[in-house]
Every structure is written in structure tokens, then in C-alpha cells.
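S.K.: File coords.cif follows (mmCIF, C-alpha atoms):
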data_data
#
loop_
_atom_site.group_PDB
_atom_site.id
_atom_site.type_symbol
_atom_site.label_atom_id
_atom_site.label_comp_id
_atom_site.auth_asym_id
_atom_site.auth_seq_id
_atom_site.Cartn_x
_atom_site.Cartn_y
_atom_site.Cartn_z
ATOM 1 C CA GLY O 61 0.978 22.481 95.781
ATOM 2 C CA TYR O 62 -1.187 24.089 93.207
ATOM 3 C CA ARG O 63 -1.198 22.983 89.649
ATOM 4 C CA MET O 64 -1.461 25.337 86.807
ATOM 5 C CA LEU O 65 -3.022 24.302 83.496
ATOM 6 C CA VAL O 66 -2.164 26.293 80.423
ATOM 7 C CA GLY O 67 -4.193 25.838 77.205
ATOM 8 C CA HIS O 68 -4.987 27.605 74.097
ATOM 9 C CA ASP O 69 -7.641 27.316 71.427
ATOM 10 C CA VAL O 70 -6.657 24.814 68.641
ATOM 11 C CA GLN O 71 -9.831 25.291 66.679
ATOM 12 C CA GLU O 72 -8.047 27.654 64.324
ATOM 13 C CA ARG O 73 -5.430 24.980 63.589
ATOM 14 C CA HIS O 74 -8.158 22.397 62.950
ATOM 15 C CA ASP O 75 -9.938 24.812 60.617
ATOM 16 C CA VAL O 76 -6.740 25.491 58.637
ATOM 17 C CA LYS O 77 -5.965 21.766 58.550
ATOM 18 C CA ASN O 78 -9.492 20.945 57.314
ATOM 19 C CA LEU O 79 -9.330 23.757 54.760
ATOM 20 C CA MET O 80 -6.002 22.461 53.435
ATOM 21 C CA LEU O 81 -7.311 18.895 53.354
ATOM 22 C CA ARG O 82 -10.450 19.949 51.446
ATOM 23 C CA GLY O 83 -8.334 22.038 49.057
ATOM 24 C CA LEU O 84 -6.021 19.079 48.490
ATOM 25 C CA VAL O 85 -8.951 16.709 47.805
ATOM 26 C CA ILE O 86 -10.550 19.205 45.416
ATOM 27 C CA ALA O 87 -7.213 19.793 43.647
ATOM 28 C CA VAL O 88 -6.643 16.032 43.270
ATOM 29 C CA LEU O 89 -10.178 15.512 41.955
ATOM 30 C CA LEU O 90 -9.840 18.406 39.501
ATOM 31 C CA THR O 91 -6.454 17.088 38.346
ATOM 32 C CA LEU O 92 -7.924 13.620 37.829
ATOM 33 C CA LEU O 93 -10.922 15.003 35.937
ATOM 34 C CA LEU O 94 -8.758 17.219 33.746
ATOM 35 C CA GLY O 95 -6.306 14.356 33.173
ATOM 36 C CA LEU O 96 -9.074 11.930 32.235
ATOM 37 C CA GLY O 97 -10.792 14.517 30.018
ATOM 38 C CA GLY O 98 -7.522 15.457 28.305
ATOM 39 C CA GLY O 99 -6.560 11.804 27.897
ATOM 40 C CA PHE O 100 -9.959 10.990 26.435
ATOM 41 C CA TRP O 101 -9.725 13.941 24.028
ATOM 42 C CA MET O 102 -6.174 13.041 22.965
ATOM 43 C CA GLY O 103 -7.129 9.378 22.584
ATOM 44 C CA ARG O 104 -10.094 10.251 20.382
ATOM 45 C CA ARG O 105 -7.936 12.596 18.301
ATOM 46 C CA ILE O 106 -5.220 9.985 17.815
ATOM 47 C CA LEU O 107 -7.795 7.292 16.987
ATOM 48 C CA ALA O 108 -9.440 9.594 14.437
ATOM 49 C CA GLN O 109 -6.070 10.299 12.791
ATOM 50 C CA ALA O 110 -5.166 6.601 12.870
ATOM 51 C CA GLY O 111 -8.519 5.741 11.278
ATOM 52 C CA ALA O 112 -7.958 8.245 8.482
ATOM 53 C CA VAL O 113 -4.434 6.918 7.930
ATOM 54 C CA SER O 114 -5.734 3.342 7.877
ATOM 55 C CA ALA O 115 -8.451 4.170 5.318
ATOM 56 C CA VAL O 116 -5.942 5.821 2.980
ATOM 57 C CA ALA O 117 -3.455 2.974 3.503
ATOM 58 C CA GLN O 118 -6.126 0.468 2.416
ATOM 59 C CA GLN O 119 -6.667 2.408 -0.821
ATOM 60 C CA ILE O 120 -2.914 2.570 -1.413
ATOM 61 C CA MET O 121 -2.588 -1.188 -0.872
ATOM 62 C CA ARG O 122 -5.300 -1.694 -3.501
ATOM 63 C CA GLY O 123 -2.987 0.037 -5.982
ATOM 64 C CA ASP O 124 -4.193 3.639 -5.896
ATOM 65 C CA LEU O 125 -0.835 5.376 -5.447
ATOM 66 C CA SER O 126 -2.415 8.794 -5.950
ATOM 67 C CA GLN O 127 -3.863 8.719 -2.414
ATOM 68 C CA ARG O 128 -2.028 10.616 0.327
ATOM 69 C CA LEU O 129 -2.234 10.531 4.093
ATOM 70 C CA PRO O 130 -4.056 13.450 5.701
ATOM 71 C CA VAL O 131 -1.815 16.146 7.214
ATOM 72 C CA HIS O 132 -3.170 18.647 9.744
ATOM 73 C CA ASP O 133 -1.736 21.957 10.953
ATOM 74 C CA SER O 134 -0.749 20.605 14.365
ATOM 75 C CA ASP O 135 2.809 19.652 13.273
ATOM 76 C CA ASP O 136 2.920 16.785 15.745
ATOM 77 C CA GLU O 137 4.654 13.429 15.310
ATOM 78 C CA ILE O 138 1.743 11.950 13.374
ATOM 79 C CA ASP O 139 1.734 14.853 10.910
ATOM 80 C CA ARG O 140 5.496 14.591 10.411
ATOM 81 C CA LEU O 141 5.162 10.849 9.834
ATOM 82 C CA ALA O 142 2.308 11.448 7.356
ATOM 83 C CA ARG O 143 4.452 13.990 5.463
ATOM 84 C CA ASP O 144 7.351 11.514 5.277
ATOM 85 C CA ILE O 145 5.081 8.721 4.056
ATOM 86 C CA ASN O 146 3.496 11.056 1.489
ATOM 87 C CA GLY O 147 6.978 11.930 0.204
ATOM 88 C CA MET O 148 7.800 8.232 -0.037
ATOM 89 C CA LEU O 149 4.550 7.614 -1.935
ATOM 90 C CA ASP O 150 5.389 10.447 -4.346
ATOM 91 C CA ARG O 151 8.723 8.798 -5.096
ATOM 92 C CA ILE O 152 7.160 5.324 -5.494
ATOM 93 C CA GLU O 153 4.536 6.758 -7.859
ATOM 94 C CA GLN O 154 7.250 8.413 -9.967
ATOM 95 C CA LEU O 155 9.286 5.188 -10.133
ATOM 96 C CA THR O 156 6.229 3.111 -10.999
ATOM 97 C CA LEU O 157 5.200 5.525 -13.733
ATOM 98 C CA GLY O 158 8.727 5.458 -15.152
ATOM 99 C CA MET O 159 8.772 1.662 -15.082
ATOM 100 C CA ARG O 160 5.391 1.477 -16.831
ATOM 101 C CA THR O 161 6.532 3.929 -19.501
ATOM 102 C CA VAL O 162 9.736 1.993 -20.197
ATOM 103 C CA LEU O 163 7.882 -1.318 -20.277
ATOM 104 C CA ASP O 164 5.217 0.044 -22.589
ATOM 105 C CA SER O 165 7.781 1.610 -24.934
ATOM 106 C CA ALA O 166 9.922 -1.523 -25.025
ATOM 107 C CA ALA O 167 6.947 -3.746 -25.760
ATOM 108 C CA HIS O 168 5.709 -1.512 -28.575
ATOM 109 C CA ASP O 169 9.217 -1.125 -30.028
ATOM 110 C CA LEU O 170 9.701 -4.909 -30.092
ATOM 111 C CA ARG O 171 6.410 -5.629 -31.809
ATOM 112 C CA THR O 172 7.480 -4.274 -35.209
ATOM 113 C CA PRO O 173 10.614 -6.459 -35.575
ATOM 114 C CA LEU O 174 8.656 -9.490 -34.378
ATOM 115 C CA ASN O 175 5.986 -8.879 -37.002
ATOM 116 C CA ARG O 176 8.673 -8.576 -39.716
ATOM 117 C CA LEU O 177 10.354 -11.773 -38.516
ATOM 118 C CA GLN O 178 6.994 -13.577 -38.522
ATOM 119 C CA SER O 179 6.250 -12.367 -42.050
ATOM 120 C CA ARG O 180 9.645 -13.498 -43.337
ATOM 121 C CA ALA O 181 9.308 -16.907 -41.667
ATOM 122 C CA GLU O 182 5.863 -17.411 -43.201
ATOM 123 C CA ALA O 183 7.144 -16.293 -46.626
ATOM 124 C CA GLY O 184 10.074 -18.683 -46.289
ATOM 125 C CA MET O 185 7.775 -21.570 -45.322
ATOM 126 C CA ALA O 186 5.676 -20.892 -48.416
ATOM 127 C CA ALA O 187 8.782 -20.888 -50.625
ATOM 128 C CA VAL O 188 10.310 -24.196 -49.459
ATOM 129 C CA PRO O 189 8.810 -27.708 -49.527
ATOM 130 C CA SER O 190 7.002 -28.668 -46.304
ATOM 131 C CA ALA O 191 9.136 -31.787 -45.784
ATOM 132 C CA SER O 192 12.470 -29.954 -45.958
ATOM 133 C CA PRO O 193 14.575 -29.189 -42.846
ATOM 134 C CA ALA O 194 14.443 -25.480 -43.716
ATOM 135 C CA HIS O 195 10.634 -25.561 -43.487
ATOM 136 C CA GLN O 196 10.822 -27.162 -40.032
ATOM 137 C CA VAL O 197 13.312 -24.544 -38.840
ATOM 138 C CA LEU O 198 11.125 -21.744 -40.183
ATOM 139 C CA GLU O 199 8.099 -23.306 -38.473
ATOM 140 C CA GLN O 200 9.984 -23.382 -35.146
ATOM 141 C CA VAL O 201 10.971 -19.747 -35.670
ATOM 142 C CA SER O 202 7.311 -18.901 -36.272
ATOM 143 C CA VAL O 203 6.273 -20.720 -33.074
ATOM 144 C CA GLU O 204 8.924 -18.882 -31.047
ATOM 145 C CA VAL O 205 7.884 -15.537 -32.520
ATOM 146 C CA ASP O 206 4.281 -16.298 -31.492
ATOM 147 C CA ARG O 207 5.503 -17.049 -27.945
ATOM 148 C CA MET O 208 7.489 -13.830 -27.802
ATOM 149 C CA ARG O 209 4.510 -11.867 -29.088
ATOM 150 C CA GLY O 210 2.351 -13.537 -26.424
ATOM 151 C CA THR O 211 4.875 -12.539 -23.755
ATOM 152 C CA LEU O 212 4.880 -8.959 -25.006
ATOM 153 C CA ASP O 213 1.085 -8.878 -25.032
ATOM 154 C CA ALA O 214 1.076 -10.188 -21.459
ATOM 155 C CA LEU O 215 3.532 -7.465 -20.428
ATOM 156 C CA LEU O 216 1.336 -4.824 -22.021
ATOM 157 C CA ARG O 217 -1.743 -6.207 -20.244
ATOM 158 C CA ILE O 218 0.139 -6.168 -16.937
ATOM 159 C CA ALA O 219 1.262 -2.577 -17.498
ATOM 160 C CA LEU O 220 -2.302 -1.587 -18.377
ATOM 161 C CA ALA O 221 -3.724 -3.421 -15.359
ATOM 162 C CA GLU O 222 -1.292 -1.647 -13.043
ATOM 163 C CA THR O 223 -2.597 1.709 -14.180
ATOM 164 C CA GLY O 224 -5.966 0.754 -12.719
ATOM 165 C CA THR O 225 -7.847 1.420 -15.959
ATOM 166 C CA VAL O 226 -8.764 -2.217 -16.590
ATOM 167 C CA ALA O 227 -11.747 -3.745 -14.810
ATOM 168 C CA ARG O 228 -10.681 -6.687 -12.679
ATOM 169 C CA GLU O 229 -12.662 -9.876 -12.670
ATOM 170 C CA PRO O 230 -12.298 -13.183 -10.839
ATOM 171 C CA VAL O 231 -10.324 -15.916 -12.582
ATOM 172 C CA ASP O 232 -10.711 -19.672 -12.156
ATOM 173 C CA LEU O 233 -7.070 -20.643 -11.638
ATOM 174 C CA SER O 234 -7.681 -24.400 -11.928
ATOM 175 C CA ASN O 235 -9.159 -23.902 -15.414
ATOM 176 C CA LEU O 236 -6.265 -21.614 -16.364
ATOM 177 C CA VAL O 237 -3.641 -24.128 -15.173
ATOM 178 C CA GLY O 238 -5.464 -26.917 -17.032
ATOM 179 C CA ARG O 239 -5.393 -24.934 -20.278
ATOM 180 C CA PHE O 240 -1.710 -24.114 -19.724
ATOM 181 C CA ARG O 241 -0.826 -27.797 -19.269
ATOM 182 C CA ILE O 242 -2.755 -28.761 -22.410
ATOM 183 C CA GLY O 243 -0.938 -26.000 -24.334
ATOM 184 C CA GLN O 244 2.423 -27.222 -23.094
ATOM 185 C CA ALA O 245 1.648 -30.812 -24.029
ATOM 186 C CA SER O 246 0.681 -29.840 -27.579
ATOM 187 C CA ALA O 247 3.789 -27.651 -27.915
ATOM 188 C CA HIS O 248 5.975 -30.592 -26.838
ATOM 189 C CA ARG O 249 4.289 -32.838 -29.376
ATOM 190 C CA ARG O 250 4.860 -30.263 -32.133
ATOM 191 C CA ALA O 251 8.510 -29.841 -31.141
ATOM 192 C CA ALA O 252 9.104 -33.603 -31.099
#
Can you give me the file's structure in the form of C-alpha cells?
M.R.:
Amino acid sequence: GYRMLVGHDVQERHDVKNLMLRGLVIAVLLTLLLGLGGGFWMGRRILAQAGAVSAVAQQIMRGDLSQRLPVHDSDDEIDRLARDINGMLDRIEQLTLGMRTVLDSAAHDLRTPLNRLQSRAEAGMAAVPSASPAHQVLEQVSVEVDRMRGTLDALLRIALAETGTVAREPVDLSNLVGRFRIGQASAHRRAA
């Protein structure tokens, strides 16, 4: 009727279990710290690149097509995107320059025939009586030549303004529209 109790020391198991638990807690804390530090570093890096891209994009939107997005040596997605956008900007700059050149050439080439036409109309008006129908037709031709010359001058000013070499200044649009309406009214009275 005796009872026998068998036992063994579990302290070693508790020590291993505590050691593993401490190691796991330290590993989790280190992983969290490294993850937060790496995330913070990557976030700052991406924000810095985005800020640089935004600053250059603002200059491009203002019309300075010579600006390019910064490209670093990291060859990541942002750098590849910046290279693609820079290539697109190169192409847009070439097309814009070509358009300006054609516009400028066309405007200058059309000025000479318009000046000759104006001279001939004025000479014809001087040669015929002012009450004759021919004088009225020549006067209308002269008015239309002046309008075409004004359109050409406006195109040249636009082409020059797009190059960025002309200082920009604020314009009172209500005054401009008022002058335009007065000019139209006087042109209608002359035509009638």
C-alpha cells in the first residue's frame, strides 16, 4: 500500500521557455524598430523625390520646357518614370520649337505680299475719285489688309511670348473687351 512519487526538475524547461520568450520579444521589437526606421527612411526619400518632381513640374507648367525631372542612380520606379517624362518633355520641346519656327516663318513670309497689296490699294485709291465704287472696294481691301496684318502681328507676339523672352504684365480684360467692342462698332459703321 505504498505510493511512489516520481518527479524531475522542470527548472531547465522553464529557463529554456523564458529564454525563447525573451528572444522572441526582442526579435519582434527589433523587427518593429527596423521596420519603422526603414519605413521612415523610405518615406522621407520618396517625399524628397516627390518634392523635387513637384518643383520642376511647377516650372514646366509655367512654360519653361527646358526643365527636367531629377534622375538618381537608384534605377527605381520613380527614376524610370522621371526618365520617361523627361523623354516626353524633350519631344514636346522639339514639337513646340518646330511649331514656333513655322509660325514665325509663315508670318514673316506673308508680311511682304500684304505690304505690296496695301501699297497697290492705296495707289489705286489715290488714282480714282473718292465717290466711285472702285474707291470703296479699294478702301475695303485696305481695311482687310490692315486686319490681316494685325492678325499676323498678334501671331508673332504670341510666338514671341511663348519663347519666354517677353516680360508678362497684368491686363485689364474689361478695358480690353470694351475697346474691342468699340472697334467692332466703328468697323460696322464703316462697312455700312
S.K.: For region 214-221 of chain O, please output as a list in words all residues within 12 Å (counting only C-alpha atoms; exclusion window: fewer than 4 positions along the same chain).
M.R.: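 What passes the distance filter is Gly123, Asp124, Thr156, Leu157, Gly158, Met159, Arg160, Thr161, Val162, Leu163, Asp164, Ser165, Ala166, Ala167, His168, Asp169, Leu170, Arg171, Arg207, Met208, Arg209, Gly210, Thr225, Val226, Ala227, Arg228 and Glu229 of chain O.
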S.K.: Scan for residues within 12 Å of the point (-5.3, 5.0, 1.2) in the coordinates of the file, using all atoms listed in the file, and reply as a list in words.
M.R.: Ala110, Gly111, Ala112, Val113, Ser114, Ala115, Val116, Ala117, Gln118, Gln119, Ile120, Met121, Arg122, Gly123, Asp124, Leu125, Ser126, Gln127, Arg128, Leu129, Pro130, Ala142, Ile145, Asn146 and Leu149 of chain O
S.K.: Quick one: pull the distance between CA of Asp139 (chain O) and CA of Ala108 (chain O), Å, one decimal.
M.R.: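 Spanning CA of Asp139 (chain O) to CA of Ala108 (chain O) is a straight-line distance of 12.8 Å.
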